[in-house]
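Asks: One file: my_file-v2.cif (mmCIF, N, CA and C atoms and all ligand atoms).
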data_data
#
loop_
_atom_site.label_atom_id
_atom_site.label_comp_id
_atom_site.auth_asym_id
_atom_site.auth_seq_id
_atom_site.Cartn_x
_atom_site.Cartn_y
_atom_site.Cartn_z
N MET D 71 17.18 66.99 -25.50
CA MET D 71 17.03 67.05 -24.04
C MET D 71 17.53 65.75 -23.41
N SER D 72 18.15 65.91 -22.27
CA SER D 72 18.67 64.71 -21.61
C SER D 72 17.55 63.93 -20.93
N ASN D 73 17.53 62.64 -21.12
CA ASN D 73 16.52 61.79 -20.47
C ASN D 73 17.17 60.46 -20.08
N ILE D 74 18.02 60.56 -19.05
CA ILE D 74 18.71 59.35 -18.59
C ILE D 74 17.72 58.48 -17.81
N GLU D 75 17.55 57.25 -18.29
CA GLU D 75 16.59 56.33 -17.67
C GLU D 75 17.28 55.01 -17.36
N GLN D 76 16.53 54.19 -16.59
CA GLN D 76 16.94 52.81 -16.39
C GLN D 76 15.85 51.90 -16.95
N THR D 77 16.27 50.72 -17.41
CA THR D 77 15.31 49.73 -17.88
C THR D 77 15.78 48.35 -17.47
N LEU D 78 14.85 47.40 -17.45
CA LEU D 78 15.23 46.03 -17.11
C LEU D 78 15.42 45.21 -18.38
N SER D 79 16.54 44.52 -18.42
CA SER D 79 16.82 43.58 -19.51
C SER D 79 16.99 42.19 -18.93
N ILE D 80 16.48 41.20 -19.64
CA ILE D 80 16.72 39.80 -19.25
C ILE D 80 17.29 39.05 -20.45
N ILE D 81 18.37 38.34 -20.21
CA ILE D 81 18.86 37.38 -21.21
C ILE D 81 18.18 36.05 -20.87
N LYS D 82 17.34 35.58 -21.78
CA LYS D 82 16.48 34.42 -21.53
C LYS D 82 17.25 33.10 -21.64
N PRO D 83 16.62 32.01 -21.14
CA PRO D 83 17.33 30.72 -21.09
C PRO D 83 17.95 30.27 -22.42
N ASP D 84 17.27 30.51 -23.54
CA ASP D 84 17.83 30.02 -24.82
C ASP D 84 19.17 30.66 -25.14
N ALA D 85 19.34 31.91 -24.73
CA ALA D 85 20.59 32.63 -25.03
C ALA D 85 21.68 32.31 -24.00
N VAL D 86 21.28 32.15 -22.74
CA VAL D 86 22.26 31.77 -21.71
C VAL D 86 22.83 30.39 -22.07
N GLU D 87 21.92 29.49 -22.45
CA GLU D 87 22.31 28.12 -22.81
C GLU D 87 23.30 28.07 -23.98
N ARG D 88 23.19 29.03 -24.88
CA ARG D 88 24.10 29.06 -26.05
C ARG D 88 25.31 29.97 -25.82
N ASN D 89 25.56 30.30 -24.57
CA ASN D 89 26.75 31.11 -24.22
C ASN D 89 26.78 32.47 -24.90
N LEU D 90 25.62 33.11 -24.98
CA LEU D 90 25.54 34.41 -25.67
C LEU D 90 25.55 35.60 -24.71
N ILE D 91 25.81 35.35 -23.43
CA ILE D 91 25.75 36.44 -22.45
C ILE D 91 26.69 37.60 -22.83
N GLU D 92 27.95 37.27 -23.10
CA GLU D 92 28.91 38.34 -23.38
C GLU D 92 28.61 39.03 -24.71
N ASN D 93 28.18 38.26 -25.71
CA ASN D 93 27.82 38.88 -27.00
C ASN D 93 26.70 39.90 -26.82
N ILE D 94 25.69 39.53 -26.04
CA ILE D 94 24.53 40.42 -25.85
C ILE D 94 24.93 41.63 -25.00
N LYS D 95 25.67 41.38 -23.92
CA LYS D 95 26.11 42.52 -23.09
C LYS D 95 26.93 43.50 -23.92
N SER D 96 27.78 42.99 -24.81
CA SER D 96 28.64 43.89 -25.58
C SER D 96 27.83 44.76 -26.54
N ILE D 97 26.68 44.27 -26.99
CA ILE D 97 25.81 45.10 -27.84
C ILE D 97 25.28 46.29 -27.04
N PHE D 98 24.88 46.05 -25.79
CA PHE D 98 24.39 47.16 -24.95
C PHE D 98 25.51 48.18 -24.72
N VAL D 99 26.67 47.68 -24.35
CA VAL D 99 27.78 48.58 -23.98
C VAL D 99 28.24 49.40 -25.20
N LYS D 100 28.36 48.73 -26.35
CA LYS D 100 28.76 49.43 -27.58
C LYS D 100 27.77 50.52 -27.96
N ASN D 101 26.51 50.33 -27.56
CA ASN D 101 25.47 51.29 -27.90
C ASN D 101 25.13 52.23 -26.74
N ASN D 102 26.10 52.43 -25.87
CA ASN D 102 25.99 53.44 -24.80
C ASN D 102 24.93 53.16 -23.74
N LEU D 103 24.62 51.90 -23.52
CA LEU D 103 23.80 51.54 -22.36
C LEU D 103 24.74 50.92 -21.34
N THR D 104 24.76 51.50 -20.15
CA THR D 104 25.64 51.02 -19.09
C THR D 104 24.94 49.92 -18.30
N ILE D 105 25.65 48.85 -18.02
CA ILE D 105 25.08 47.77 -17.19
C ILE D 105 25.36 48.11 -15.73
N LYS D 106 24.32 48.61 -15.04
CA LYS D 106 24.50 49.08 -13.66
C LYS D 106 24.53 47.93 -12.67
N GLU D 107 23.72 46.91 -12.94
CA GLU D 107 23.65 45.72 -12.07
C GLU D 107 23.43 44.55 -12.99
N ASP D 108 23.98 43.41 -12.62
CA ASP D 108 23.60 42.20 -13.34
C ASP D 108 23.80 40.99 -12.46
N LYS D 109 22.90 40.01 -12.62
CA LYS D 109 23.06 38.76 -11.87
C LYS D 109 22.43 37.62 -12.66
N LYS D 110 23.09 36.46 -12.51
CA LYS D 110 22.60 35.24 -13.16
C LYS D 110 21.81 34.48 -12.10
N ILE D 111 20.56 34.17 -12.41
CA ILE D 111 19.68 33.51 -11.45
C ILE D 111 18.80 32.49 -12.18
N GLN D 112 18.13 31.67 -11.41
CA GLN D 112 17.04 30.88 -11.99
C GLN D 112 15.81 31.13 -11.15
N ILE D 113 14.70 31.40 -11.79
CA ILE D 113 13.47 31.72 -11.05
C ILE D 113 12.51 30.53 -11.11
N THR D 114 11.56 30.52 -10.18
CA THR D 114 10.55 29.46 -10.17
C THR D 114 9.44 29.82 -11.17
N LYS D 115 8.64 28.85 -11.49
CA LYS D 115 7.51 29.11 -12.39
C LYS D 115 6.55 30.12 -11.75
N GLU D 116 6.41 30.07 -10.43
CA GLU D 116 5.53 31.02 -9.73
C GLU D 116 6.06 32.45 -9.87
N GLU D 117 7.37 32.61 -9.76
CA GLU D 117 7.97 33.94 -9.93
C GLU D 117 7.80 34.43 -11.37
N ALA D 118 7.97 33.53 -12.32
CA ALA D 118 7.78 33.90 -13.73
C ALA D 118 6.33 34.33 -13.96
N ALA D 119 5.41 33.63 -13.33
CA ALA D 119 3.98 33.93 -13.48
C ALA D 119 3.66 35.33 -12.94
N GLU D 120 4.31 35.68 -11.84
CA GLU D 120 4.14 37.01 -11.25
C GLU D 120 4.76 38.07 -12.17
N PHE D 121 5.95 37.79 -12.65
CA PHE D 121 6.65 38.75 -13.52
C PHE D 121 5.85 39.03 -14.81
N TYR D 122 5.28 37.97 -15.39
CA TYR D 122 4.57 38.10 -16.68
C TYR D 122 3.05 38.22 -16.51
N LYS D 123 2.63 38.62 -15.31
CA LYS D 123 1.20 38.73 -14.99
C LYS D 123 0.36 39.47 -16.04
N VAL D 124 0.93 40.50 -16.65
CA VAL D 124 0.17 41.25 -17.68
C VAL D 124 -0.29 40.36 -18.82
N HIS D 125 0.39 39.23 -18.98
CA HIS D 125 0.03 38.33 -20.09
C HIS D 125 -0.84 37.16 -19.65
N GLN D 126 -1.41 37.26 -18.44
CA GLN D 126 -2.08 36.06 -17.88
C GLN D 126 -3.28 35.57 -18.70
N SER D 127 -3.89 36.45 -19.48
CA SER D 127 -5.04 36.01 -20.28
C SER D 127 -4.63 35.49 -21.66
N LYS D 128 -3.34 35.55 -21.97
CA LYS D 128 -2.90 35.16 -23.31
C LYS D 128 -2.74 33.64 -23.42
N PRO D 129 -2.97 33.12 -24.62
CA PRO D 129 -2.85 31.66 -24.80
C PRO D 129 -1.44 31.15 -24.54
N PHE D 130 -0.43 32.00 -24.69
CA PHE D 130 0.95 31.54 -24.53
C PHE D 130 1.48 31.69 -23.11
N TYR D 131 0.64 32.18 -22.18
CA TYR D 131 1.10 32.52 -20.82
C TYR D 131 1.74 31.34 -20.08
N ASP D 132 1.08 30.21 -20.06
CA ASP D 132 1.62 29.08 -19.29
C ASP D 132 2.97 28.62 -19.85
N ASP D 133 3.04 28.48 -21.16
CA ASP D 133 4.31 28.07 -21.79
C ASP D 133 5.41 29.10 -21.53
N LEU D 134 5.03 30.36 -21.57
CA LEU D 134 5.99 31.45 -21.35
C LEU D 134 6.59 31.35 -19.94
N CYS D 135 5.74 31.09 -18.95
CA CYS D 135 6.21 31.00 -17.57
C CYS D 135 7.06 29.75 -17.36
N THR D 136 6.65 28.65 -17.97
CA THR D 136 7.46 27.43 -17.91
C THR D 136 8.82 27.69 -18.52
N TYR D 137 8.81 28.35 -19.66
CA TYR D 137 10.06 28.62 -20.38
C TYR D 137 11.01 29.54 -19.59
N LEU D 138 10.50 30.64 -19.07
CA LEU D 138 11.38 31.60 -18.38
C LEU D 138 12.01 30.99 -17.13
N SER D 139 11.33 29.98 -16.58
CA SER D 139 11.84 29.34 -15.37
C SER D 139 12.61 28.05 -15.68
N SER D 140 12.84 27.77 -16.96
CA SER D 140 13.40 26.47 -17.34
C SER D 140 14.92 26.38 -17.21
N GLY D 141 15.58 27.51 -17.00
CA GLY D 141 17.04 27.48 -16.89
C GLY D 141 17.53 28.83 -16.43
N PRO D 142 18.85 28.99 -16.25
CA PRO D 142 19.40 30.26 -15.79
C PRO D 142 19.09 31.40 -16.76
N ILE D 143 18.90 32.57 -16.16
CA ILE D 143 18.71 33.81 -16.92
C ILE D 143 19.67 34.86 -16.35
N VAL D 144 19.90 35.91 -17.10
CA VAL D 144 20.69 37.04 -16.57
C VAL D 144 19.78 38.25 -16.55
N VAL D 145 19.61 38.84 -15.36
CA VAL D 145 18.79 40.06 -15.25
C VAL D 145 19.72 41.24 -15.06
N MET D 146 19.44 42.32 -15.76
CA MET D 146 20.33 43.49 -15.74
C MET D 146 19.54 44.79 -15.65
N ILE D 147 20.13 45.75 -14.98
CA ILE D 147 19.62 47.12 -15.06
C ILE D 147 20.50 47.85 -16.07
N LEU D 148 19.89 48.33 -17.13
CA LEU D 148 20.61 49.12 -18.14
C LEU D 148 20.28 50.59 -17.91
N GLU D 149 21.26 51.44 -18.07
CA GLU D 149 21.04 52.87 -17.88
C GLU D 149 21.63 53.65 -19.04
N GLY D 150 20.89 54.68 -19.47
CA GLY D 150 21.39 55.55 -20.53
C GLY D 150 20.29 56.44 -21.06
N GLN D 151 20.64 57.22 -22.06
CA GLN D 151 19.72 58.14 -22.70
C GLN D 151 18.55 57.33 -23.30
N ASN D 152 17.31 57.68 -22.93
CA ASN D 152 16.12 56.98 -23.44
C ASN D 152 16.28 55.45 -23.40
N ALA D 153 16.77 54.96 -22.27
CA ALA D 153 17.15 53.54 -22.17
C ALA D 153 16.02 52.58 -22.51
N VAL D 154 14.77 52.92 -22.14
CA VAL D 154 13.66 52.00 -22.39
C VAL D 154 13.49 51.78 -23.89
N ALA D 155 13.33 52.87 -24.63
CA ALA D 155 13.12 52.77 -26.07
C ALA D 155 14.38 52.30 -26.79
N HIS D 156 15.52 52.77 -26.30
CA HIS D 156 16.78 52.38 -26.95
C HIS D 156 16.99 50.87 -26.85
N ASN D 157 16.74 50.32 -25.66
CA ASN D 157 16.87 48.86 -25.50
C ASN D 157 15.90 48.11 -26.41
N ARG D 158 14.66 48.59 -26.49
CA ARG D 158 13.66 47.92 -27.35
C ARG D 158 14.13 47.92 -28.81
N LYS D 159 14.74 49.03 -29.22
CA LYS D 159 15.26 49.15 -30.58
C LYS D 159 16.40 48.14 -30.82
N LEU D 160 17.29 48.04 -29.84
CA LEU D 160 18.41 47.09 -29.98
C LEU D 160 17.92 45.64 -29.96
N MET D 161 16.82 45.38 -29.24
CA MET D 161 16.26 44.02 -29.17
C MET D 161 15.65 43.58 -30.49
N GLY D 162 14.89 44.46 -31.13
CA GLY D 162 14.15 44.11 -32.34
C GLY D 162 12.78 43.53 -32.02
N ALA D 163 12.02 43.22 -33.06
CA ALA D 163 10.64 42.77 -32.91
C ALA D 163 10.55 41.46 -32.12
N THR D 164 9.39 41.27 -31.47
CA THR D 164 9.14 40.08 -30.63
C THR D 164 9.43 38.79 -31.40
N ASP D 165 8.95 38.72 -32.64
CA ASP D 165 9.21 37.54 -33.47
C ASP D 165 10.50 37.78 -34.26
N PRO D 166 11.53 37.00 -34.00
CA PRO D 166 12.82 37.21 -34.68
C PRO D 166 12.70 37.29 -36.21
N LYS D 167 11.69 36.61 -36.76
CA LYS D 167 11.48 36.67 -38.23
C LYS D 167 11.22 38.09 -38.71
N ASN D 168 10.60 38.90 -37.83
CA ASN D 168 10.25 40.27 -38.21
C ASN D 168 11.24 41.31 -37.71
N ALA D 169 12.29 40.85 -37.04
CA ALA D 169 13.23 41.80 -36.43
C ALA D 169 14.18 42.38 -37.48
N GLU D 170 14.54 43.64 -37.28
CA GLU D 170 15.47 44.31 -38.20
C GLU D 170 16.87 43.69 -38.11
N GLU D 171 17.61 43.85 -39.20
CA GLU D 171 19.00 43.38 -39.25
C GLU D 171 19.79 43.92 -38.06
N ASN D 172 20.68 43.09 -37.56
CA ASN D 172 21.61 43.48 -36.49
C ASN D 172 20.98 43.72 -35.13
N THR D 173 19.67 43.48 -35.01
CA THR D 173 19.07 43.53 -33.67
C THR D 173 19.40 42.20 -32.97
N ILE D 174 19.28 42.22 -31.64
CA ILE D 174 19.62 41.03 -30.85
C ILE D 174 18.74 39.85 -31.25
N ARG D 175 17.46 40.11 -31.43
CA ARG D 175 16.56 39.00 -31.77
C ARG D 175 16.80 38.49 -33.20
N LYS D 176 17.18 39.38 -34.11
CA LYS D 176 17.50 38.93 -35.47
C LYS D 176 18.78 38.07 -35.43
N LEU D 177 19.77 38.54 -34.67
CA LEU D 177 21.04 37.83 -34.62
C LEU D 177 20.91 36.49 -33.90
N TYR D 178 20.17 36.47 -32.79
CA TYR D 178 20.22 35.30 -31.90
C TYR D 178 18.89 34.61 -31.63
N GLY D 179 17.77 35.27 -31.88
CA GLY D 179 16.47 34.67 -31.55
C GLY D 179 16.22 33.42 -32.39
N ILE D 180 15.55 32.46 -31.76
CA ILE D 180 15.27 31.19 -32.44
C ILE D 180 13.84 31.18 -32.97
N SER D 181 12.93 31.74 -32.17
CA SER D 181 11.50 31.70 -32.49
C SER D 181 10.80 32.76 -31.65
N ILE D 182 9.50 32.93 -31.85
CA ILE D 182 8.78 33.98 -31.11
C ILE D 182 8.83 33.74 -29.60
N ASP D 183 8.90 32.49 -29.18
CA ASP D 183 8.99 32.25 -27.73
C ASP D 183 10.44 32.24 -27.25
N LYS D 184 11.34 31.63 -28.02
CA LYS D 184 12.76 31.64 -27.64
C LYS D 184 13.45 32.80 -28.35
N ASN D 185 13.13 34.00 -27.88
CA ASN D 185 13.62 35.19 -28.58
C ASN D 185 14.72 35.93 -27.82
N SER D 186 15.41 35.21 -26.96
CA SER D 186 16.70 35.59 -26.37
C SER D 186 16.72 36.70 -25.33
N VAL D 187 15.85 37.69 -25.46
CA VAL D 187 15.89 38.81 -24.51
C VAL D 187 14.49 39.32 -24.16
N HIS D 188 14.42 39.91 -22.97
CA HIS D 188 13.25 40.68 -22.54
C HIS D 188 13.70 42.12 -22.31
N GLY D 189 12.82 43.07 -22.57
CA GLY D 189 13.10 44.47 -22.21
C GLY D 189 11.82 45.16 -21.81
N SER D 190 11.88 45.97 -20.76
CA SER D 190 10.71 46.73 -20.31
C SER D 190 10.16 47.57 -21.46
N ASP D 191 8.82 47.74 -21.46
CA ASP D 191 8.20 48.47 -22.59
C ASP D 191 7.78 49.89 -22.25
N SER D 192 7.98 50.33 -21.02
CA SER D 192 7.66 51.72 -20.66
C SER D 192 8.47 52.08 -19.42
N ALA D 193 8.59 53.37 -19.15
CA ALA D 193 9.35 53.80 -17.98
C ALA D 193 8.71 53.29 -16.69
N ASP D 194 7.37 53.29 -16.65
CA ASP D 194 6.66 52.79 -15.46
C ASP D 194 6.92 51.30 -15.24
N ASN D 195 6.80 50.53 -16.32
CA ASN D 195 7.05 49.10 -16.19
C ASN D 195 8.52 48.82 -15.86
N ALA D 196 9.40 49.65 -16.37
CA ALA D 196 10.82 49.48 -16.06
C ALA D 196 11.04 49.57 -14.55
N LYS D 197 10.41 50.56 -13.92
CA LYS D 197 10.55 50.72 -12.46
C LYS D 197 10.03 49.50 -11.73
N LYS D 198 8.85 49.03 -12.16
CA LYS D 198 8.26 47.85 -11.50
C LYS D 198 9.14 46.62 -11.71
N GLU D 199 9.62 46.43 -12.93
CA GLU D 199 10.40 45.23 -13.24
C GLU D 199 11.76 45.26 -12.55
N ILE D 200 12.36 46.43 -12.45
CA ILE D 200 13.65 46.55 -11.75
C ILE D 200 13.44 46.20 -10.28
N SER D 201 12.37 46.71 -9.67
CA SER D 201 12.19 46.41 -8.24
C SER D 201 11.76 44.96 -8.00
N PHE D 202 11.23 44.32 -9.04
CA PHE D 202 10.91 42.89 -8.92
C PHE D 202 12.18 42.07 -8.70
N PHE D 203 13.23 42.41 -9.41
CA PHE D 203 14.46 41.62 -9.34
C PHE D 203 15.53 42.20 -8.42
N PHE D 204 15.51 43.51 -8.23
CA PHE D 204 16.55 44.16 -7.43
C PHE D 204 15.89 44.93 -6.29
N LYS D 205 15.81 44.28 -5.15
CA LYS D 205 15.20 44.93 -3.99
C LYS D 205 16.30 45.69 -3.24
N ASN D 206 15.97 46.89 -2.82
CA ASN D 206 16.99 47.64 -2.07
C ASN D 206 16.84 47.39 -0.58
N1 LIG J 301 5.38 35.31 -26.69
C1 LIG J 301 5.08 34.05 -27.17
N2 LIG J 301 4.14 33.94 -28.16
C2 LIG J 301 3.49 35.01 -28.68
C3 LIG J 301 3.80 36.30 -28.18
C4 LIG J 301 4.74 36.41 -27.19
O1 LIG J 301 5.67 33.08 -26.73
O2 LIG J 301 2.66 34.86 -29.57
C5 LIG J 301 6.39 35.45 -25.63
C6 LIG J 301 7.70 35.99 -26.15
O3 LIG J 301 8.76 35.31 -25.47
C7 LIG J 301 7.66 37.44 -25.74
C8 LIG J 301 6.89 37.38 -24.43
O4 LIG J 301 5.93 36.36 -24.64
O5 LIG J 301 8.96 37.98 -25.61
C9 LIG J 301 6.19 38.64 -24.01
O6 LIG J 301 5.37 39.09 -25.08
P1 LIG J 301 5.34 40.62 -25.50
O7 LIG J 301 4.21 40.79 -26.44
O8 LIG J 301 5.38 41.46 -24.26
O9 LIG J 301 6.70 40.78 -26.34
P2 LIG J 301 8.06 41.55 -26.01
O10 LIG J 301 7.71 42.74 -25.17
O11 LIG J 301 8.95 40.57 -25.30
O12 LIG J 301 8.61 41.93 -27.35
MG MG J 302 6.61 42.87 -23.42
#
Re-express the file's structure as structure tokens.
Replies:
Amino acid sequence: MSNIEQTLSIIKPDAVERNLIENIKSIFVKNNLTIKEDKKIQITKEEAAEFYKVHQSKPFYDDLCTYLSSGPIVVMILEGQNAVAHNRKLMGATDPKNAEENTIRKLYGISIDKNSVHGSDSADNAKKEISFFFKN
């Protein structure tokens, strides 16, 4: 059954800094996810805190918000068949050490915090995260 969805992807500061934008985008495109929108931005720590609000009770929350706001990021809307789950599959596990071969985090992730990409984890969150960065 056809289930064309959109999801939010972020190329995090560690990957932008290492000039991995085109390498990561090409993985999405090769795997049939279309990049509908993309922009390179830098967000404030307050914006990062709002974006990652679901993690506010976690011990890593403050560092995570500092990190996401520490340098330029690329935010993208990806579209395709089962885009939410497909993107998560292409990203690999949160900790690059546990990520499958050829996933983005296995190829490029440095550590559990500098893991190169973000991807929405559900269709509902994808909608919220897309509207956070792309206001119509
Ligand atoms: N994170 C971290 N330490 C941890 C767990 C997560 O720094 O122990 C960071 C990591 O950058 C991760 C983000 O917090 O990508 C959000 O965590 P989540 O569990 O949602 O992982 P994801 O959905 O990104 O795989
Ligand atoms: Mg998550």
Asks: Do a neighbour search on Asn101 in chain D at 10 Å with only C-alpha atoms, toss out local chain neighbours closer than 3 positions, and write the hits as a list in words.
Replies: Ser96, Ile97, Phe98, Thr104, Gly150, His156, Asn157 and Leu160 of chain D
Asks: Within 6.5 Å of ligand LIG 301 (chain J) (counting all atoms listed in the file), which residues show up? I'd like them as a VMD selection string.
Replies: chain D and resid 130 134 162 to 165 182 to 185 187 to 189 191
Asks: What is the CA of Tyr122 in chain D-atom MG of ligand MG 302 (chain J) distance in Å, reported with one decimal?
Replies: 8.5 Å
Asks: Pick the closest to Ala155 in chain D from D:Ser127, D:Ser190, D:Ser140, D:Thr114: which is it, counting all atoms listed in the file?
Replies: D:Ser190
Asks: When you draw a straight line from CA of Asp194 in chain D to CA of Glu120 in chain D, how long is it in Å?
Replies: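 Going from CA of Asp194 in chain D over to CA of Glu120 in chain D covers 16.5 Å.
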Asks: What does the structure give for the distance between atom N of Ser192 in chain D and CA of Ile113 in chain D, in Å to one decimal?
Replies: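 The value is 21.8 Å.
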Asks: Determine, for each residue of range 72-121 of chain D having at least one atom at most 12 Å from an atom of range 199-202 of chain D, the closest pair of atoms and their separation in Å to one decimal, counting only C-alpha atoms; order by chain and ascending number, as a tab-separated table.
Replies:
residue	atom	partner	partner_atom	distance
D:Glu75	CA	D:Ile200	CA	11.8
D:Gln76	CA	D:Ile200	CA	8.5
D:Thr77	CA	D:Ile200	CA	7.1
D:Leu78	CA	D:Ile200	CA	5.6
D:Ser79	CA	D:Ile200	CA	8.9
D:Ile80	CA	D:Glu199	CA	10.3
D:Lys106	CA	D:Ile200	CA	11.3
D:Glu107	CA	D:Ile200	CA	10.0
D:Asp108	CA	D:Ile200	CA	11.0
D:Ile113	CA	D:Phe202	CA	11.7
D:Glu117	CA	D:Phe202	CA	9.5
D:Ala118	CA	D:Phe202	CA	10.7
D:Glu120	CA	D:Phe202	CA	9.3
D:Phe121	CA	D:Glu199	CA	7.5
Asks: I need the strand (DSSP E or B) residues of chain D per DSSP on the backbone, written as a list in words.
Replies: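 The residues of chain D classed as strand (DSSP E or B) are Ile74, Glu75, Gln76, Thr77, Leu78, Ser79, Ile80, Ile81, Thr104, Ile105, Lys106, Glu107, Asp108, Lys109, Lys110, Ile111, Ile143, Val144, Val145, Met146, Ile147, Leu148, Glu149, Gly150, Gln151, Val187, His188 and Gly189 of chain D.
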Asks: For Asn73 in chain D, work out the shell of residues within 6 Å, counting all atoms listed in the file and skipping chain neighbours fewer than 4 positions away, then give it as JSON, numbers by chain.
Replies: {"D": [150, 151, 152, 153]}
Asks: Hey, which of D:Val144, D:Ser72, D:Gln126, D:Lys82 ends up closest to Ile180 in chain D? Count only C-alpha atoms.
Replies: D:Lys82
Asks: Mind checking which residues fall within 7 Å of Lys110 in chain D, counting only N, CA and C atoms, ignoring those fewer than 3 positions away in the same chain, and posting them as a PDB file with N, CA and C atoms, in the coordinates of the input?
Replies:
ATOM      1  N   PRO D 142      18.850  28.990 -16.250  1.00  0.00           N
ATOM      2  CA  PRO D 142      19.400  30.260 -15.790  1.00  0.00           C
ATOM      3  C   PRO D 142      19.090  31.400 -16.760  1.00  0.00           C
ATOM      4  N   ILE D 143      18.900  32.570 -16.160  1.00  0.00           N
ATOM      5  CA  ILE D 143      18.710  33.810 -16.920  1.00  0.00           C
ATOM      6  C   ILE D 143      19.670  34.860 -16.350  1.00  0.00           C
ATOM      7  N   VAL D 144      19.900  35.910 -17.100  1.00  0.00           N
ATOM      8  CA  VAL D 144      20.690  37.040 -16.570  1.00  0.00           C
ATOM      9  C   VAL D 144      19.780  38.250 -16.550  1.00  0.00           C
ATOM     10  N   VAL D 145      19.610  38.840 -15.360  1.00  0.00           N
ATOM     11  CA  VAL D 145      18.790  40.060 -15.250  1.00  0.00           C
ATOM     12  C   VAL D 145      19.720  41.240 -15.060  1.00  0.00           C
TER      13      VAL D 145
END
